file start_6.tsv (TSV, C-alpha atoms)
chain	number	residue	atom	x	y	z
A	1	MET	CA	-0.48	26.42	2.37
A	2	LEU	CA	2.90	24.71	2.42
A	3	SER	CA	3.92	23.43	-1.02
A	4	LYS	CA	4.55	19.68	-1.16
A	5	LYS	CA	5.67	17.27	-3.87
A	6	VAL	CA	3.10	14.93	-5.43
A	7	LEU	CA	3.84	12.04	-7.78
A	8	ILE	CA	1.33	11.36	-10.58
A	9	VAL	CA	1.78	7.97	-12.25
A	10	LEU	CA	0.46	7.41	-15.76
A	11	SER	CA	0.38	4.45	-18.12
A	12	ASP	CA	2.63	4.29	-21.17
A	13	ALA	CA	-0.04	2.37	-23.06
A	14	ASN	CA	-2.28	3.79	-25.77
A	15	SER	CA	-4.38	0.62	-25.91
A	16	PHE	CA	-5.58	-2.27	-23.77
A	17	PRO	CA	-6.34	-5.95	-24.44
A	18	LEU	CA	-9.89	-6.63	-25.65
A	19	HIS	CA	-10.95	-10.25	-26.22
A	20	LYS	CA	-13.43	-9.98	-29.08
A	21	THR	CA	-16.65	-11.93	-28.76
A	22	SER	CA	-18.37	-10.61	-31.87
A	23	GLY	CA	-17.56	-9.36	-35.35
A	24	SER	CA	-14.95	-10.55	-37.83
A	25	SER	CA	-12.22	-10.80	-35.17
A	26	SER	CA	-14.34	-12.82	-32.71
A	27	GLY	CA	-12.18	-15.12	-30.60
A	28	GLN	CA	-9.10	-12.94	-30.99
A	29	THR	CA	-7.53	-10.52	-28.52
A	30	ILE	CA	-6.98	-7.12	-30.07
A	31	ASN	CA	-5.46	-3.86	-28.85
A	32	GLN	CA	-8.30	-1.43	-28.25
A	33	GLN	CA	-7.26	2.24	-28.42
A	34	SER	CA	-7.25	3.97	-25.05
A	35	GLY	CA	-5.10	6.07	-22.72
A	36	PHE	CA	-5.68	8.24	-19.64
A	37	PHE	CA	-9.18	9.66	-19.11
A	38	LEU	CA	-8.84	13.42	-19.45
A	39	MET	CA	-11.08	14.68	-16.64
A	40	GLU	CA	-9.86	11.99	-14.22
A	41	LEU	CA	-6.39	13.48	-14.55
A	42	ALA	CA	-7.19	17.14	-15.09
A	43	LYS	CA	-9.64	17.80	-12.26
A	44	PRO	CA	-7.49	16.43	-9.39
A	45	LEU	CA	-4.39	17.92	-11.04
A	46	GLN	CA	-5.95	21.39	-11.10
A	47	LYS	CA	-6.85	21.12	-7.42
A	48	LEU	CA	-3.30	20.09	-6.54
A	49	LEU	CA	-1.89	23.03	-8.49
A	50	ASP	CA	-4.40	25.45	-6.96
A	51	ALA	CA	-3.20	24.29	-3.53
A	52	GLY	CA	0.36	25.18	-4.55
A	53	HIS	CA	1.77	21.67	-4.77
A	54	GLU	CA	4.64	20.62	-7.05
A	55	ILE	CA	3.84	17.86	-9.53
A	56	THR	CA	6.14	15.15	-10.89
A	57	PHE	CA	4.81	12.95	-13.70
A	58	ALA	CA	6.11	9.41	-14.05
A	59	SER	CA	5.38	6.22	-15.99
A	60	PRO	CA	6.96	2.78	-16.40
A	61	LYS	CA	8.99	3.65	-19.53
A	62	GLY	CA	8.83	7.44	-19.56
A	63	GLN	CA	6.80	7.65	-22.76
A	64	GLU	CA	4.44	10.51	-23.57
A	65	PRO	CA	1.01	9.77	-22.05
A	66	GLN	CA	-1.84	9.49	-24.54
A	67	PRO	CA	-5.45	10.51	-23.82
A	68	ASP	CA	-8.33	8.13	-24.34
A	69	PRO	CA	-10.08	9.59	-27.42
A	70	ASN	CA	-13.47	9.03	-25.78
A	71	SER	CA	-12.43	11.23	-22.88
A	72	GLU	CA	-11.84	14.17	-25.22
A	73	SER	CA	-15.27	13.99	-26.84
A	74	LEU	CA	-17.86	16.63	-26.06
A	75	LEU	CA	-20.11	13.79	-24.90
A	76	ALA	CA	-17.69	13.10	-22.04
A	77	PHE	CA	-18.13	16.74	-20.97
A	78	ALA	CA	-21.90	16.71	-21.47
A	79	GLY	CA	-21.47	19.20	-24.29
A	80	ASN	CA	-19.48	21.71	-22.20
A	81	PHE	CA	-16.96	22.99	-24.76
A	82	TYR	CA	-15.38	25.44	-22.31
A	83	GLU	CA	-14.74	22.83	-19.64
A	84	ARG	CA	-13.06	20.58	-22.19
A	85	LYS	CA	-10.94	23.50	-23.41
A	86	ARG	CA	-9.84	24.35	-19.86
A	87	GLU	CA	-8.69	20.80	-19.24
A	88	ASN	CA	-6.87	20.50	-22.56
A	89	ASP	CA	-5.24	23.88	-21.93
A	90	LEU	CA	-4.09	22.63	-18.52
A	91	LEU	CA	-2.39	19.62	-20.04
A	92	GLN	CA	-0.77	21.77	-22.70
A	93	ARG	CA	0.62	23.96	-19.91
A	94	MET	CA	1.97	20.84	-18.20
A	95	LYS	CA	3.66	19.85	-21.47
A	96	ASN	CA	5.21	23.30	-21.81
A	97	GLU	CA	6.23	23.81	-18.18
A	98	ASN	CA	6.26	20.53	-16.28
A	99	GLY	CA	7.59	17.71	-18.42
A	100	PHE	CA	4.27	15.99	-19.05
A	101	SER	CA	5.45	14.76	-22.46
A	102	THR	CA	8.58	13.20	-20.96
A	103	PRO	CA	7.55	11.68	-17.62
A	104	ARG	CA	10.14	10.22	-15.29
A	105	LYS	CA	10.79	6.49	-15.61
A	106	LEU	CA	9.57	4.85	-12.41
A	107	SER	CA	12.88	3.00	-12.11
A	108	THR	CA	14.75	6.31	-11.73
A	109	ILE	CA	12.85	7.30	-8.58
A	110	SER	CA	15.10	6.16	-5.76
A	111	ALA	CA	14.15	5.20	-2.22
A	112	GLU	CA	15.72	8.46	-1.05
A	113	GLU	CA	13.72	10.55	-3.51
A	114	LEU	CA	10.49	8.79	-2.55
A	115	GLN	CA	10.84	10.29	0.90
A	116	THR	CA	10.41	13.77	-0.62
A	117	PHE	CA	6.90	13.02	-1.95
A	118	ALA	CA	3.83	13.74	0.15
A	119	GLY	CA	1.39	11.73	-1.97
A	120	ILE	CA	0.82	9.67	-5.10
A	121	PHE	CA	-2.08	9.76	-7.57
A	122	ILE	CA	-3.01	7.31	-10.36
A	123	PRO	CA	-5.74	8.42	-12.81
A	124	GLY	CA	-7.83	6.04	-14.87
A	125	GLY	CA	-8.79	5.32	-18.43
A	126	HIS	CA	-8.42	1.72	-19.59
A	127	ALA	CA	-4.66	2.08	-20.23
A	128	PRO	CA	-3.59	1.01	-16.68
A	129	LEU	CA	-4.95	-2.47	-17.51
A	130	ALA	CA	-2.10	-2.84	-20.02
A	131	ASP	CA	0.99	-2.04	-17.97
A	132	LEU	CA	0.48	-0.81	-14.39
A	133	GLY	CA	-0.89	-3.87	-12.59
A	134	ASP	CA	2.31	-5.88	-12.98
A	135	ASP	CA	4.98	-3.15	-12.93
A	136	LYS	CA	7.54	-3.98	-10.25
A	137	ASP	CA	8.84	-0.43	-9.88
A	138	LEU	CA	5.33	0.88	-9.34
A	139	GLY	CA	4.88	-1.92	-6.81
A	140	ARG	CA	8.01	-0.75	-5.03
A	141	ILE	CA	6.76	2.84	-4.96
A	142	LEU	CA	3.26	1.96	-3.77
A	143	THR	CA	4.71	-0.33	-1.10
A	144	TYR	CA	6.66	2.64	0.24
A	145	PHE	CA	3.56	4.88	0.38
A	146	HIS	CA	1.60	2.08	2.03
A	147	LYS	CA	4.20	1.40	4.70
A	148	GLU	CA	4.67	5.10	5.41
A	149	ASN	CA	0.91	5.70	5.49
A	150	LYS	CA	1.24	8.48	2.92
A	151	PRO	CA	-1.79	9.72	0.93
A	152	THR	CA	-2.50	7.50	-2.07
A	153	ALA	CA	-5.24	8.23	-4.62
A	154	ALA	CA	-6.57	6.30	-7.61
A	155	ILE	CA	-9.69	6.61	-9.75
A	156	CYS	CA	-11.71	4.42	-12.12
A	157	HIS	CA	-9.24	1.89	-13.63
A	158	GLY	CA	-6.38	3.47	-11.64
A	159	PRO	CA	-6.91	1.16	-8.62
A	160	TYR	CA	-5.87	-1.75	-10.87
A	161	ALA	CA	-2.32	-0.42	-10.40
A	162	LEU	CA	-2.47	-1.40	-6.72
A	163	LEU	CA	-1.96	-5.00	-7.87
A	164	SER	CA	1.63	-4.09	-8.73
A	165	THR	CA	2.52	-4.48	-5.04
A	166	LYS	CA	2.23	-8.24	-5.58
A	167	ALA	CA	4.51	-8.03	-8.63
A	168	PHE	CA	7.06	-6.31	-6.40
A	169	GLY	CA	7.12	-9.37	-4.19
A	170	SER	CA	4.39	-9.13	-1.57
A	171	ASP	CA	2.94	-12.59	-0.87
A	172	GLU	CA	-0.34	-11.01	0.14
A	173	PHE	CA	-2.07	-8.05	-1.50
A	174	LEU	CA	-1.03	-5.03	0.55
A	175	TYR	CA	-4.52	-3.56	0.33
A	176	LYS	CA	-6.30	-6.73	1.44
A	177	GLY	CA	-9.22	-5.70	3.66
A	178	TYR	CA	-9.20	-2.12	2.36
A	179	LYS	CA	-12.46	-0.56	1.26
A	180	ILE	CA	-11.89	0.40	-2.39
A	181	THR	CA	-14.06	1.94	-5.08
A	182	SER	CA	-13.16	1.47	-8.75
A	183	TRP	CA	-14.78	1.27	-12.17
A	184	SER	CA	-17.39	-1.38	-11.48
A	185	ASP	CA	-18.02	-4.69	-13.22
A	186	ALA	CA	-21.47	-3.39	-14.19
A	187	GLU	CA	-19.96	-0.32	-15.86
A	188	GLU	CA	-17.38	-2.48	-17.63
A	189	LYS	CA	-20.08	-4.79	-18.96
A	190	VAL	CA	-21.70	-1.77	-20.62
A	191	MET	CA	-18.36	-1.04	-22.29
A	192	GLU	CA	-18.04	-4.67	-23.34
A	193	GLY	CA	-21.41	-4.44	-25.06
A	194	LEU	CA	-20.31	-1.33	-26.94
A	195	LEU	CA	-16.93	-2.77	-27.94
A	196	GLY	CA	-18.06	-6.34	-28.59
A	197	GLY	CA	-15.51	-8.00	-26.35
A	198	GLU	CA	-14.39	-9.00	-22.87
A	199	ILE	CA	-12.29	-6.71	-20.66
A	200	GLU	CA	-10.37	-7.42	-17.45
A	201	LYS	CA	-12.62	-6.39	-14.53
A	202	VAL	CA	-10.99	-4.11	-11.97
A	203	GLU	CA	-13.65	-4.64	-9.32
A	204	SER	CA	-13.57	-8.45	-9.56
A	205	ARG	CA	-9.77	-8.59	-9.73
A	206	LEU	CA	-9.30	-6.51	-6.59
A	207	ARG	CA	-12.01	-8.45	-4.76
A	208	GLU	CA	-10.20	-11.70	-5.62
A	209	GLU	CA	-7.14	-10.32	-3.84
A	210	GLY	CA	-9.11	-9.54	-0.70
A	211	ALA	CA	-10.17	-5.92	-1.15
A	212	GLU	CA	-13.60	-4.94	0.15
A	213	MET	CA	-15.09	-3.35	-2.94
A	214	VAL	CA	-17.56	-0.52	-2.40
A	215	THR	CA	-19.94	-0.38	-5.34
A	216	GLY	CA	-23.58	0.17	-6.19
A	217	LEU	CA	-25.84	3.18	-6.38
A	218	SER	CA	-25.16	6.14	-4.14
A	219	GLU	CA	-26.60	9.59	-3.63
A	220	LYS	CA	-24.67	10.82	-6.65
A	221	VAL	CA	-23.21	9.40	-9.84
A	222	GLY	CA	-19.58	9.83	-8.76
A	223	TYR	CA	-18.48	8.74	-5.31
A	224	THR	CA	-15.25	8.14	-3.44
A	225	THR	CA	-14.09	5.89	-0.63
A	226	LEU	CA	-11.44	6.69	1.97
A	227	HIS	CA	-9.75	3.89	3.94
A	228	ARG	CA	-6.57	4.58	5.88
A	229	GLU	CA	-4.13	6.26	3.48
A	230	LEU	CA	-6.05	5.29	0.33
A	231	VAL	CA	-8.77	7.35	-1.37
A	232	THR	CA	-10.39	5.88	-4.48
A	233	GLY	CA	-13.11	6.91	-6.91
A	234	GLY	CA	-15.37	4.95	-9.22
A	235	ASN	CA	-15.62	6.90	-12.46
A	236	PRO	CA	-15.02	10.32	-14.08
A	237	MET	CA	-17.89	11.86	-12.11
A	238	ALA	CA	-15.88	11.24	-8.93
A	239	ALA	CA	-12.86	13.26	-10.11
A	240	GLU	CA	-13.82	16.53	-8.39
A	241	GLU	CA	-14.46	14.93	-5.02
A	242	LEU	CA	-11.41	12.70	-5.25
A	243	GLY	CA	-9.21	15.71	-5.92
A	244	GLU	CA	-10.67	17.61	-2.99
A	245	ARG	CA	-10.23	14.72	-0.55
A	246	PHE	CA	-6.69	14.01	-1.77
A	247	VAL	CA	-5.65	17.65	-1.33
A	248	ARG	CA	-7.04	17.64	2.21
A	249	MET	CA	-5.12	14.46	3.02
A	250	ILE	CA	-1.87	15.98	1.76
A	251	SER	CA	-2.46	19.16	3.75
A	252	VAL	CA	-2.64	17.37	7.11

call {"tool": "encode", "arguments": {"input": "start_6.tsv", "output": "structure tokens"}}
result
Amino acid sequence: MLSKKVLIVLSDANSFPLHKTSGSSSGQTINQQSGFFLMELAKPLQKLLDAGHEITFASPKGQEPQPDPNSESLLAFAGNFYERKRENDLLQRMKNENGFSTPRKLSTISAEELQTFAGIFIPGGHAPLADLGDDKDLGRILTYFHKENKPTAAICHGPYALLSTKAFGSDEFLYKGYKITSWSDAEEKVMEGLLGGEIEKVESRLREEGAEMVTGLSEKVGYTTLHRELVTGGNPMAAEELGERFVRMISV
């Protein structure tokens, strides 16, 4: 298979805004610890590497990406210690060999360089809520991939980053009318109950901008949706399928 360049965009944030509705800080907005969700990054990343593609990591400010602590728990891996070790080992290899700890600043990726990328992927975790939805440089980059009909993938809270195309200057949401799957409002309400606060809803926010959100029960826990150049997934259980579909899109 011909090796191609793929851009993976991560958040710089290690927390996200949580408006507390219970406890001693009720009524206040606090910074709730978060980051990227390990398996949502690692599983598609491994599939891209297995296919021989070259990875470039980037973020708004070029800071070292931080994992969501919950995503590194054995509970997240259903007790599978070896699977968790494989994914942590993969990220350590990316730190040693591929600049994961020092991602490119999005502002340094020129229009000319964008032409060299075959696809773009944005993993989830709550961190994208903090800094990706309004980043103008990400909006510029996503606008390019949209206009060129180049494979674009996002999972869980990652689709929130698509809103950055409005921050870049689009009067209308570029993905208006697209079928999109993200972390659902129902799933977020479960998290709100656990954390005792209100969280920005990805599903509702994208629907407000005109996206056709694909949610609800399916034949399996994790599911993905493909519409034009955009493939999206709802939660960590969709990471395997999202990676497979994204690799196939890039290979065309």

call {"tool": "closest_atom_pairs", "arguments": {"input": "start_6.tsv", "of": "range 173-192 of chain A", "to": "range 21-44 of chain A", "cutoff": "12 Å", "atoms": "all atoms listed in the file", "output": "CSV"}}
result
residue,atom,partner,partner_atom,distance
A:Trp183,CA,A:Glu40,CA,12.0
A:Met191,CA,A:Gln32,CA,11.7
A:Glu192,CA,A:Thr21,CA,9.2

call {"tool": "residues_around", "arguments": {"input": "start_6.tsv", "residues": "Gln115 in chain A", "least_positions_apart": "4", "cutoff": "9 Å", "atoms": "all atoms listed in the file", "output": "PyMOL selection string"}}
result
chain A and resi 110-111+144

call {"tool": "closest_residue", "arguments": {"input": "start_6.tsv", "among": "A:Phe57, A:Phe121, A:Phe77, A:Tyr178", "to": "Thr102 in chain A", "atoms": "only C-alpha atoms"}}
result
A:Phe57

call {"tool": "residues_around", "arguments": {"input": "start_6.tsv", "residues": "range 155-158 of chain A", "least_positions_apart": "3", "cutoff": "10 Å", "atoms": "all atoms listed in the file", "output": "PyMOL selection string"}}
result
chain A and resi 9-11+36-37+40-41+121-129+132-133+161-162+180-184+201-203+224+231-239+242-243

call {"tool": "closest_residue", "arguments": {"input": "start_6.tsv", "among": "A:Ala118, A:Glu188, A:Ala78, A:Arg93", "to": "Leu2 in chain A", "atoms": "all atoms listed in the file"}}
result
A:Ala118

call {"tool": "closest_residue", "arguments": {"input": "start_6.tsv", "among": "A:Leu226, A:Asn14, A:Glu72, A:Leu49", "to": "Ala153 in chain A", "atoms": "only C-alpha atoms"}}
result
A:Leu226

call {"tool": "closest_residue", "arguments": {"input": "start_6.tsv", "among": "A:Lys5, A:Lys136, A:Lys147, A:Lys166", "to": "Ser107 in chain A", "atoms": "all atoms listed in the file"}}
result
A:Lys136

call {"tool": "axis_aligned_box", "arguments": {"input": "start_6.tsv", "around": "range 229-236 of chain A", "padding_each_side": "8 Å", "output": "JSON"}}
result
{"center_x": -9.9, "center_y": 7.6, "center_z": -5.3, "size_x": 27.5, "size_y": 21.4, "size_z": 33.6}

call {"tool": "atom_distance", "arguments": {"input": "start_6.tsv", "atom1": "CA of Gly139 in chain A", "atom2": "CA of Ser170 in chain A"}}
result
8.9 Å

call {"tool": "decode", "arguments": {"input": "start_6.tsv", "residues": "range 23-36 of chain A", "atoms": "all heavy atoms", "output": "short mmCIF file (atom, residue, chain, number, x, y, z; two decimals), in the first residue's frame"}}
result
data_model
loop_
_atom_site.label_atom_id
_atom_site.label_comp_id
_atom_site.auth_asym_id
_atom_site.auth_seq_id
_atom_site.Cartn_x
_atom_site.Cartn_y
_atom_site.Cartn_z
N GLY A 23 -22.77 19.96 45.37
CA GLY A 23 -21.54 20.02 46.15
C GLY A 23 -21.20 21.42 46.60
O GLY A 23 -21.94 22.38 46.36
N SER A 24 -20.03 21.58 47.22
CA SER A 24 -19.63 22.86 47.80
C SER A 24 -19.39 23.94 46.76
O SER A 24 -19.48 25.13 47.06
CB SER A 24 -18.35 22.67 48.62
OG SER A 24 -17.30 22.16 47.81
N SER A 25 -19.08 23.55 45.53
CA SER A 25 -18.82 24.53 44.46
C SER A 25 -20.01 24.70 43.53
O SER A 25 -19.86 25.18 42.40
CB SER A 25 -17.58 24.13 43.67
OG SER A 25 -17.71 22.80 43.17
N SER A 26 -21.20 24.31 43.98
CA SER A 26 -22.41 24.45 43.16
C SER A 26 -22.59 25.88 42.70
O SER A 26 -22.42 26.83 43.47
CB SER A 26 -23.63 24.00 43.96
OG SER A 26 -24.81 24.12 43.20
N GLY A 27 -22.92 26.04 41.41
CA GLY A 27 -23.10 27.36 40.83
C GLY A 27 -21.84 27.93 40.21
O GLY A 27 -21.88 28.95 39.50
N GLN A 28 -20.71 27.29 40.43
CA GLN A 28 -19.44 27.73 39.87
C GLN A 28 -19.06 26.87 38.67
O GLN A 28 -19.48 25.72 38.56
CB GLN A 28 -18.34 27.66 40.92
CG GLN A 28 -18.58 28.49 42.16
CD GLN A 28 -17.47 28.32 43.18
OE1 GLN A 28 -16.33 28.02 42.84
NE2 GLN A 28 -17.80 28.49 44.45
N THR A 29 -18.24 27.43 37.79
CA THR A 29 -17.68 26.66 36.68
C THR A 29 -16.24 26.31 37.04
O THR A 29 -15.43 27.21 37.31
CB THR A 29 -17.72 27.45 35.37
OG1 THR A 29 -19.08 27.72 35.02
CG2 THR A 29 -17.08 26.65 34.23
N ILE A 30 -15.94 25.04 37.07
CA ILE A 30 -14.60 24.59 37.44
C ILE A 30 -13.94 23.93 36.23
O ILE A 30 -14.59 23.61 35.23
CB ILE A 30 -14.65 23.60 38.62
CG1 ILE A 30 -15.35 22.29 38.20
CG2 ILE A 30 -15.36 24.21 39.83
CD1 ILE A 30 -15.19 21.16 39.21
N ASN A 31 -12.64 23.70 36.35
CA ASN A 31 -11.91 22.97 35.32
C ASN A 31 -11.81 21.52 35.75
O ASN A 31 -11.14 21.18 36.73
CB ASN A 31 -10.50 23.56 35.13
CG ASN A 31 -10.54 24.94 34.53
OD1 ASN A 31 -11.34 25.22 33.64
ND2 ASN A 31 -9.68 25.83 35.00
N GLN A 32 -12.51 20.67 35.02
CA GLN A 32 -12.54 19.23 35.32
C GLN A 32 -11.42 18.54 34.54
O GLN A 32 -11.31 18.68 33.32
CB GLN A 32 -13.89 18.64 34.93
CG GLN A 32 -14.00 17.14 35.12
CD GLN A 32 -13.99 16.73 36.58
OE1 GLN A 32 -14.53 17.42 37.44
NE2 GLN A 32 -13.36 15.60 36.87
N GLN A 33 -10.57 17.79 35.22
CA GLN A 33 -9.44 17.14 34.58
C GLN A 33 -9.89 16.23 33.45
O GLN A 33 -10.85 15.48 33.57
CB GLN A 33 -8.64 16.33 35.60
CG GLN A 33 -7.33 15.77 35.04
CD GLN A 33 -6.53 15.02 36.10
OE1 GLN A 33 -7.01 14.73 37.18
NE2 GLN A 33 -5.29 14.71 35.78
N SER A 34 -9.17 16.30 32.34
CA SER A 34 -9.49 15.48 31.17
C SER A 34 -8.28 15.44 30.25
O SER A 34 -7.16 15.72 30.66
CB SER A 34 -10.73 16.03 30.45
OG SER A 34 -11.11 15.17 29.40
N GLY A 35 -8.52 15.13 28.98
CA GLY A 35 -7.47 15.03 27.98
C GLY A 35 -8.00 14.20 26.83
O GLY A 35 -9.21 14.10 26.63
N PHE A 36 -7.11 13.58 26.05
CA PHE A 36 -7.56 12.70 24.97
C PHE A 36 -7.92 11.35 25.57
O PHE A 36 -7.37 10.92 26.59
CB PHE A 36 -6.50 12.55 23.88
CG PHE A 36 -5.22 11.88 24.32
CD1 PHE A 36 -5.09 10.49 24.34
CD2 PHE A 36 -4.11 12.64 24.71
CE1 PHE A 36 -3.92 9.87 24.74
CE2 PHE A 36 -2.93 12.03 25.13
CZ PHE A 36 -2.84 10.65 25.14
#
